[in-house]
$ cat entry_25.txt   # compact mmCIF, C-alpha atoms
# COMPACT_ATOMS: atom_id res chain seq x y z
CA ASP A 1 -1.35 -4.70 -26.22
CA GLY A 2 -0.95 -5.80 -22.61
CA GLY A 3 -3.26 -4.38 -20.04
CA ILE A 4 -6.20 -4.82 -17.73
CA THR A 5 -9.76 -4.97 -18.96
CA GLN A 6 -12.74 -4.31 -16.76
CA SER A 7 -16.27 -4.90 -17.90
CA PRO A 8 -18.82 -3.55 -18.07
CA LYS A 9 -17.98 0.15 -17.85
CA TYR A 10 -21.41 0.98 -16.44
CA LEU A 11 -23.64 -1.37 -14.48
CA PHE A 12 -27.07 -0.92 -12.99
CA ARG A 13 -28.40 -3.25 -10.34
CA LYS A 14 -31.64 -3.54 -8.51
CA GLU A 15 -31.52 -3.70 -4.74
CA GLY A 16 -31.26 -7.23 -3.47
CA GLN A 17 -29.45 -8.58 -6.53
CA ASN A 18 -25.92 -9.89 -6.70
CA VAL A 19 -23.74 -8.61 -9.53
CA THR A 20 -20.31 -9.67 -10.78
CA LEU A 21 -17.69 -7.29 -12.12
CA SER A 22 -15.14 -8.70 -14.50
CA CYS A 23 -11.39 -8.05 -14.41
CA GLU A 24 -8.97 -9.67 -16.86
CA GLN A 25 -5.26 -8.99 -17.31
CA ASN A 26 -2.74 -10.23 -19.87
CA LEU A 27 0.33 -8.78 -18.16
CA ASN A 28 1.27 -12.11 -16.53
CA HIS A 29 1.03 -10.45 -13.12
CA ASP A 30 0.62 -12.58 -10.02
CA ALA A 31 -0.94 -9.92 -7.78
CA MET A 32 -4.39 -8.48 -8.42
CA TYR A 33 -6.47 -5.99 -6.46
CA TRP A 34 -9.97 -4.58 -6.18
CA TYR A 35 -10.50 -1.05 -4.93
CA ARG A 36 -13.63 0.97 -4.33
CA GLN A 37 -13.78 4.72 -4.93
CA ASP A 38 -16.56 6.95 -3.68
CA PRO A 39 -17.08 10.50 -5.00
CA GLY A 40 -14.34 12.85 -3.85
CA GLN A 41 -12.53 10.13 -1.97
CA GLY A 42 -9.49 7.98 -2.36
CA LEU A 43 -9.32 4.27 -3.11
CA ARG A 44 -10.15 1.69 -0.48
CA LEU A 45 -9.00 -1.91 -0.73
CA ILE A 46 -11.72 -4.55 -0.97
CA TYR A 47 -9.83 -7.78 -1.75
CA TYR A 48 -6.49 -8.73 -3.16
CA SER A 49 -4.80 -11.85 -4.41
CA GLN A 50 -1.12 -12.69 -4.59
CA ILE A 51 -1.51 -16.01 -6.38
CA VAL A 52 -4.06 -18.26 -8.05
CA ASN A 53 -6.62 -19.84 -5.71
CA ASP A 54 -5.69 -17.52 -2.88
CA PHE A 55 -6.95 -14.10 -1.79
CA GLN A 56 -7.16 -11.85 1.24
CA LYS A 57 -9.76 -9.45 2.58
CA GLY A 58 -8.93 -5.78 2.46
CA ASP A 59 -10.27 -2.95 4.58
CA ILE A 60 -13.87 -3.05 3.32
CA ALA A 61 -14.53 -6.68 2.30
CA GLU A 62 -17.96 -7.02 3.90
CA GLY A 63 -20.65 -7.61 1.29
CA TYR A 64 -18.15 -8.58 -1.41
CA SER A 65 -16.68 -11.87 -2.63
CA VAL A 66 -13.96 -12.78 -5.12
CA SER A 67 -12.42 -15.79 -6.83
CA ARG A 68 -9.05 -16.38 -8.45
CA GLU A 69 -9.31 -19.57 -10.47
CA LYS A 70 -7.02 -18.29 -13.22
CA LYS A 71 -4.00 -16.03 -13.10
CA GLU A 72 -5.57 -13.70 -15.65
CA SER A 73 -8.93 -13.26 -13.97
CA PHE A 74 -10.11 -11.80 -10.67
CA PRO A 75 -13.89 -11.24 -10.70
CA LEU A 76 -15.61 -9.33 -7.91
CA THR A 77 -19.16 -10.12 -6.80
CA VAL A 78 -21.11 -7.41 -5.07
CA THR A 79 -23.68 -9.22 -2.97
CA SER A 80 -27.00 -8.05 -1.63
CA ALA A 81 -25.35 -7.85 1.78
CA GLN A 82 -23.36 -4.79 0.67
CA LYS A 83 -25.40 -1.95 2.12
CA ASN A 84 -24.16 0.85 -0.09
CA PRO A 85 -22.81 -0.64 -3.31
CA THR A 86 -23.12 2.41 -5.58
CA ALA A 87 -19.50 3.36 -6.32
CA PHE A 88 -16.69 3.26 -8.85
CA TYR A 89 -14.74 -0.01 -8.78
CA LEU A 90 -11.16 -0.28 -9.94
CA CYS A 91 -9.20 -3.44 -10.58
CA ALA A 92 -5.41 -3.46 -10.62
CA SER A 93 -2.53 -5.85 -11.06
CA LYS A 94 1.12 -5.71 -10.15
CA GLY A 95 4.24 -7.44 -11.36
CA GLN A 96 7.17 -8.83 -9.44
CA GLY A 97 9.25 -6.57 -7.22
CA ALA A 98 8.35 -4.33 -4.31
CA ASN A 99 9.06 -1.17 -6.29
CA THR A 100 6.78 -1.87 -9.20
CA GLU A 101 3.61 0.09 -9.64
CA ALA A 102 0.08 -1.19 -9.92
CA PHE A 103 -1.57 -1.13 -13.33
CA PHE A 104 -5.25 -0.23 -13.33
CA GLY A 105 -8.22 -1.04 -15.49
CA GLN A 106 -10.69 1.55 -16.76
CA GLY A 107 -13.08 0.94 -13.87
CA THR A 108 -16.73 -0.07 -13.54
CA ARG A 109 -19.31 2.40 -12.30
CA LEU A 110 -22.00 0.50 -10.40
CA THR A 111 -25.32 2.13 -9.64
CA VAL A 112 -28.02 0.53 -7.53
CA VAL A 113 -31.50 1.54 -8.65
CA ALA B 1 -0.49 0.91 9.71
CA GLN B 2 0.39 3.14 6.81
CA LYS B 3 -1.50 6.36 6.18
CA ILE B 4 -1.37 8.96 3.42
CA THR B 5 -2.56 12.54 3.92
CA GLN B 6 -3.26 14.99 1.11
CA THR B 7 -4.41 18.28 2.63
CA GLN B 8 -5.33 20.10 -0.59
CA PRO B 9 -8.78 19.02 -1.82
CA GLY B 10 -8.43 21.32 -4.83
CA MET B 11 -5.73 23.38 -6.49
CA PHE B 12 -5.70 25.87 -9.34
CA VAL B 13 -2.71 26.70 -11.51
CA GLN B 14 -2.23 28.89 -14.54
CA GLU B 15 -1.20 27.14 -17.73
CA LYS B 16 2.61 26.96 -18.14
CA GLU B 17 3.25 27.55 -14.45
CA ALA B 18 4.55 25.00 -11.96
CA VAL B 19 2.43 23.53 -9.18
CA THR B 20 3.18 21.46 -6.07
CA LEU B 21 0.75 18.89 -4.73
CA ASP B 22 1.33 17.95 -1.11
CA CYS B 23 1.57 14.45 0.32
CA THR B 24 2.57 13.40 3.81
CA TYR B 25 2.75 9.82 4.99
CA ASP B 26 2.94 7.83 8.16
CA THR B 27 4.69 4.50 8.46
CA SER B 28 6.89 2.66 10.92
CA ASP B 29 8.64 0.75 8.13
CA GLN B 30 12.25 1.57 7.33
CA SER B 31 11.84 0.51 3.73
CA TYR B 32 8.87 1.89 1.82
CA GLY B 33 7.84 3.21 -1.54
CA LEU B 34 5.69 6.13 -2.60
CA PHE B 35 3.71 6.43 -5.82
CA TRP B 36 1.78 9.19 -7.54
CA TYR B 37 -1.15 8.50 -9.84
CA LYS B 38 -3.23 10.77 -12.08
CA GLN B 39 -6.94 10.11 -12.56
CA PRO B 40 -8.56 12.07 -15.41
CA SER B 41 -12.33 12.36 -15.67
CA SER B 42 -12.42 9.08 -17.62
CA GLY B 43 -11.60 7.29 -14.36
CA GLU B 44 -8.49 5.32 -15.24
CA MET B 45 -5.50 5.56 -12.92
CA ILE B 46 -2.27 6.56 -14.63
CA PHE B 47 1.04 5.93 -12.87
CA LEU B 48 3.28 9.01 -12.83
CA ILE B 49 6.29 8.56 -10.60
CA TYR B 50 7.85 6.41 -7.87
CA GLN B 51 10.17 7.22 -4.96
CA GLY B 52 11.84 4.60 -2.79
CA SER B 53 12.72 5.41 0.79
CA TYR B 54 16.38 4.61 0.20
CA ASP B 55 16.67 6.52 -3.07
CA GLU B 56 19.21 9.28 -2.57
CA GLN B 57 17.97 11.36 -5.48
CA ASN B 58 14.52 12.83 -5.90
CA ALA B 59 12.64 11.00 -8.63
CA THR B 60 11.94 12.76 -11.92
CA GLU B 61 9.88 11.71 -14.95
CA GLY B 62 9.60 14.33 -17.64
CA ARG B 63 7.58 17.25 -16.26
CA TYR B 64 6.97 15.40 -12.99
CA SER B 65 9.36 15.46 -10.07
CA LEU B 66 9.05 14.38 -6.50
CA ASN B 67 10.21 16.58 -3.64
CA PHE B 68 11.06 13.86 -1.13
CA GLN B 69 11.81 15.01 2.43
CA LYS B 70 12.27 11.87 4.48
CA ALA B 71 12.65 13.54 7.87
CA ARG B 72 9.40 15.42 7.36
CA LYS B 73 7.71 12.34 5.86
CA SER B 74 6.60 14.26 2.83
CA ALA B 75 6.64 13.34 -0.85
CA ASN B 76 5.24 16.30 -2.77
CA LEU B 77 4.62 16.08 -6.51
CA VAL B 78 5.86 18.98 -8.61
CA ILE B 79 4.41 19.45 -12.08
CA SER B 80 6.36 21.91 -14.19
CA ALA B 81 4.98 23.87 -17.14
CA SER B 82 1.36 22.88 -16.48
CA GLN B 83 -0.82 21.96 -19.43
CA LEU B 84 -4.59 21.94 -19.78
CA GLY B 85 -4.44 18.15 -19.98
CA ASP B 86 -2.99 18.04 -16.48
CA SER B 87 -6.42 18.86 -15.05
CA ALA B 88 -7.32 15.71 -13.08
CA MET B 89 -7.37 14.10 -9.66
CA TYR B 90 -3.94 13.23 -8.27
CA PHE B 91 -3.41 10.50 -5.71
CA CYS B 92 -0.41 9.80 -3.53
CA ALA B 93 -0.03 6.15 -2.52
CA MET B 94 2.28 4.00 -0.44
CA ARG B 95 3.00 0.34 -0.66
CA ALA B 96 1.89 -1.55 2.42
CA PHE B 97 2.83 -5.02 3.61
CA ASP B 98 0.77 -7.26 5.82
CA ASN B 99 0.98 -10.96 6.71
CA TYR B 100 -0.44 -11.86 3.32
CA GLY B 101 1.46 -9.67 0.93
CA GLN B 102 1.74 -6.24 -0.59
CA ASN B 103 -1.01 -3.79 -1.35
CA PHE B 104 -1.30 -0.02 -1.79
CA VAL B 105 -2.71 2.62 0.54
CA PHE B 106 -4.06 5.75 -1.13
CA GLY B 107 -4.60 9.30 0.04
CA PRO B 108 -7.89 11.17 -0.55
CA GLY B 109 -6.53 12.95 -3.60
CA THR B 110 -6.15 16.52 -4.86
CA ARG B 111 -8.17 17.89 -7.76
CA LEU B 112 -5.96 20.02 -9.98
CA SER B 113 -7.50 22.52 -12.37
CA VAL B 114 -5.27 24.16 -14.97
CA LEU B 115 -6.54 27.55 -16.12
CA PRO B 116 -5.93 28.82 -19.67
$ encode --input "entry_25.txt" --output "structure tokens"
Amino acid sequence: DGGITQSPKYLFRKEGQNVTLSCEQNLNHDAMYWYRQDPGQGLRLIYYSQIVNDFQKGDIAEGYSVSREKKESFPLTVTSAQKNPTAFYLCASKGQGANTEAFFGQGTRLTVV
Amino acid sequence: AQKITQTQPGMFVQEKEAVTLDCTYDTSDQSYGLFWYKQPSSGEMIFLIYQGSYDEQNATEGRYSLNFQKARKSANLVISASQLGDSAMYFCAMRAFDNYGQNFVFGPGTRLSVLP
């Protein structure tokens, strides 16, 4: 079945450590996105990519980094520079056409301990 | 810049009744699209319905319909015959274009609770 897979579902990190969240899609979508969701709030855009080897900062990119070496993969690294990394992270992808919706993964809940 | 406002943090509805979740938007674009997503407690985002700014008819998908009032910049989601499984967070979103490409802007969401 086609879809987006995020791993792990739960992640614990010690302060000062970098951590990488995985996002893989087999939908053959060009565009991929990372969003952050804090309790009781909407989604905020961290980074997005329209094509392989290219990506753009979103509204809250500070303390995060991404890569897009393959069409299927868009990993997000939460660096030690991110001051408040505890949150729910959602990865999405989108097919061709302005009217098409974004497909989301199951999310990764990151907790800094 | 695009902005989505959802003024109802929480809503309650009796099972089998209809409920309307409000969404207003702000954009200077002539062409735009509006999306509604459902987020159950598991966390995944489930696409429900889409409305394009040039669509003459209000969008419908099964029990979901969109009350689109362009002049008022509102795109309210109507859920008919509510079911217990409809209890979830609901997000209104708009597609946004910048110099790089397209992304999505989300509202803060409304938590819907369906009562038996």
$ atom_distance --input "entry_25.txt" --atom1 "CA of Pro85 in chain A" --atom2 "CA of Gly63 in chain A"
8.6 Å
$ residues_around --input "entry_25.txt" --residues "Leu27 in chain A" --least-positions-apart "3" --cutoff "8 Å" --atoms "only C-alpha atoms" --output "ChimeraX atom specification"
/A:2-4,95
$ write_last_selection --input "entry_25.txt" --atoms "C-alpha atoms" --output "short mmCIF file (atom, residue, chain, number, x, y, z; two decimals), keeping the file's coordinate frame"
data_model
loop_
_atom_site.label_atom_id
_atom_site.label_comp_id
_atom_site.auth_asym_id
_atom_site.auth_seq_id
_atom_site.Cartn_x
_atom_site.Cartn_y
_atom_site.Cartn_z
CA GLY A 2 -0.95 -5.80 -22.61
CA GLY A 3 -3.26 -4.38 -20.04
CA ILE A 4 -6.20 -4.82 -17.73
CA GLY A 95 4.24 -7.44 -11.36
#
$ residues_near_point --input "entry_25.txt" --point "(-32.7, -6.0, -3.5)" --cutoff "12 Å" --atoms "all atoms listed in the file" --output "list in words"
Arg13, Lys14, Glu15, Gly16, Gln17, Asn18, Val19, Val78, Thr79, Ser80, Ala81, Gln82, Lys83, Asn84, Pro85, Val112 and Val113 of chain A
$ write_last_selection --input "entry_25.txt" --atoms "C-alpha atoms" --output "PDB file, keeping the file's coordinate frame"
ATOM      1  CA  ARG A  13     -28.400  -3.250 -10.340  1.00  0.00           C
ATOM      2  CA  LYS A  14     -31.640  -3.540  -8.510  1.00  0.00           C
ATOM      3  CA  GLU A  15     -31.520  -3.700  -4.740  1.00  0.00           C
ATOM      4  CA  GLY A  16     -31.260  -7.230  -3.470  1.00  0.00           C
ATOM      5  CA  GLN A  17     -29.450  -8.580  -6.530  1.00  0.00           C
ATOM      6  CA  ASN A  18     -25.920  -9.890  -6.700  1.00  0.00           C
ATOM      7  CA  VAL A  19     -23.740  -8.610  -9.530  1.00  0.00           C
ATOM      8  CA  VAL A  78     -21.110  -7.410  -5.070  1.00  0.00           C
ATOM      9  CA  THR A  79     -23.680  -9.220  -2.970  1.00  0.00           C
ATOM     10  CA  SER A  80     -27.000  -8.050  -1.630  1.00  0.00           C
ATOM     11  CA  ALA A  81     -25.350  -7.850   1.780  1.00  0.00           C
ATOM     12  CA  GLN A  82     -23.360  -4.790   0.670  1.00  0.00           C
ATOM     13  CA  LYS A  83     -25.400  -1.950   2.120  1.00  0.00           C
ATOM     14  CA  ASN A  84     -24.160   0.850  -0.090  1.00  0.00           C
ATOM     15  CA  PRO A  85     -22.810  -0.640  -3.310  1.00  0.00           C
ATOM     16  CA  VAL A 112     -28.020   0.530  -7.530  1.00  0.00           C
ATOM     17  CA  VAL A 113     -31.500   1.540  -8.650  1.00  0.00           C
TER      18      VAL A 113
END
$ interface_residues --input "entry_25.txt" --of "chain A" --to "chain B" --cutoff "7 Å" --atoms "all atoms listed in the file" --output "number ranges by chain"
A: 41-43, 50, 99, 104-107
$ atom_distance --input "entry_25.txt" --atom1 "CA of Trp34 in chain A" --atom2 "CA of Thr24 in chain B"
24.1 Å
$ atom_distance --input "entry_25.txt" --atom1 "CA of Arg63 in chain B" --atom2 "CA of Ser82 in chain B"
8.4 Å
$ residues_near_point --input "entry_25.txt" --point "(-0.6, 15.2, 6.7)" --cutoff "8 Å" --atoms "only C-alpha atoms" --output "list in words"
Ile4, Thr5, Gln6, Thr7, Cys23, Thr24 and Tyr25 of chain B
$ residues_around --input "entry_25.txt" --residues "Ile60 in chain A" --least-positions-apart "6" --cutoff "9 Å" --atoms "all atoms listed in the file" --output "compact mmCIF listing (two decimals) with C-alpha atoms, in the coordinates of the input"
# COMPACT_ATOMS: atom_id res chain seq x y z
CA ARG A 36 -13.63 0.97 -4.33
CA ARG A 44 -10.15 1.69 -0.48
CA LEU A 45 -9.00 -1.91 -0.73
CA ILE A 46 -11.72 -4.55 -0.97
CA TYR A 47 -9.83 -7.78 -1.75
$ closest_residue --input "entry_25.txt" --among "A:Glu72, A:Gly97, A:Tyr33, A:Leu110" --to "Phe55 in chain A" --atoms "all atoms listed in the file"
A:Tyr33
$ decode --input "entry_25.txt" --residues "range 50-65 of chain A" --atoms "N, CA, C and O atoms" --output "mmCIF file, in the first residue's frame"
data_model
loop_
_atom_site.group_PDB
_atom_site.id
_atom_site.type_symbol
_atom_site.label_atom_id
_atom_site.label_comp_id
_atom_site.auth_asym_id
_atom_site.auth_seq_id
_atom_site.Cartn_x
_atom_site.Cartn_y
_atom_site.Cartn_z
ATOM 1 N N GLN A 50 10.452 20.779 -2.701
ATOM 2 C CA GLN A 50 9.648 20.575 -3.905
ATOM 3 C C GLN A 50 10.282 19.549 -4.841
ATOM 4 O O GLN A 50 9.610 19.021 -5.737
ATOM 5 N N ILE A 51 11.593 19.293 -4.625
ATOM 6 C CA ILE A 51 12.309 18.417 -5.542
ATOM 7 C C ILE A 51 13.558 17.899 -4.842
ATOM 8 O O ILE A 51 14.015 18.491 -3.850
ATOM 9 N N VAL A 52 14.096 16.823 -5.369
ATOM 10 C CA VAL A 52 15.315 16.240 -4.790
ATOM 11 C C VAL A 52 16.439 17.268 -4.766
ATOM 12 O O VAL A 52 16.572 18.090 -5.683
ATOM 13 N N ASN A 53 17.222 17.222 -3.693
ATOM 14 C CA ASN A 53 18.387 18.094 -3.501
ATOM 15 C C ASN A 53 18.032 19.575 -3.379
ATOM 16 O O ASN A 53 18.898 20.443 -3.608
ATOM 17 N N ASP A 54 16.815 19.853 -3.003
ATOM 18 C CA ASP A 54 16.405 21.234 -2.831
ATOM 19 C C ASP A 54 15.366 21.316 -1.720
ATOM 20 O O ASP A 54 14.487 20.449 -1.617
ATOM 21 N N PHE A 55 15.452 22.350 -0.879
ATOM 22 C CA PHE A 55 14.475 22.518 0.190
ATOM 23 C C PHE A 55 14.481 23.977 0.634
ATOM 24 O O PHE A 55 15.399 24.751 0.317
ATOM 25 N N GLN A 56 13.435 24.323 1.370
ATOM 26 C CA GLN A 56 13.218 25.711 1.757
ATOM 27 C C GLN A 56 12.821 25.769 3.229
ATOM 28 O O GLN A 56 12.059 24.934 3.703
ATOM 29 N N LYS A 57 13.314 26.784 3.932
ATOM 30 C CA LYS A 57 12.914 26.980 5.311
ATOM 31 C C LYS A 57 11.452 27.393 5.388
ATOM 32 O O LYS A 57 10.971 28.170 4.560
ATOM 33 N N GLY A 58 10.791 26.893 6.427
ATOM 34 C CA GLY A 58 9.439 27.334 6.717
ATOM 35 C C GLY A 58 9.455 28.411 7.788
ATOM 36 O O GLY A 58 10.448 29.130 7.966
ATOM 37 N N ASP A 59 8.365 28.488 8.524
ATOM 38 C CA ASP A 59 8.202 29.556 9.505
ATOM 39 C C ASP A 59 9.038 29.377 10.759
ATOM 40 O O ASP A 59 9.349 30.342 11.446
ATOM 41 N N ILE A 60 9.400 28.134 11.087
ATOM 42 C CA ILE A 60 10.097 27.880 12.356
ATOM 43 C C ILE A 60 11.291 26.968 12.131
ATOM 44 O O ILE A 60 11.484 25.986 12.827
ATOM 45 N N ALA A 61 12.163 27.304 11.182
ATOM 46 C CA ALA A 61 13.273 26.425 10.793
ATOM 47 C C ALA A 61 14.456 26.449 11.764
ATOM 48 O O ALA A 61 15.304 25.551 11.727
ATOM 49 N N GLU A 62 14.533 27.442 12.617
ATOM 50 C CA GLU A 62 15.707 27.572 13.486
ATOM 51 C C GLU A 62 15.847 26.357 14.410
ATOM 52 O O GLU A 62 14.900 25.977 15.093
ATOM 53 N N GLY A 63 17.042 25.778 14.416
ATOM 54 C CA GLY A 63 17.297 24.614 15.255
ATOM 55 C C GLY A 63 16.998 23.287 14.576
ATOM 56 O O GLY A 63 17.125 22.233 15.192
ATOM 57 N N TYR A 64 16.594 23.334 13.315
ATOM 58 C CA TYR A 64 16.285 22.137 12.547
ATOM 59 C C TYR A 64 17.121 22.106 11.267
ATOM 60 O O TYR A 64 17.535 23.147 10.770
ATOM 61 N N SER A 65 17.343 20.906 10.738
ATOM 62 C CA SER A 65 17.963 20.772 9.424
ATOM 63 C C SER A 65 17.342 19.583 8.714
ATOM 64 O O SER A 65 16.791 18.674 9.347
#
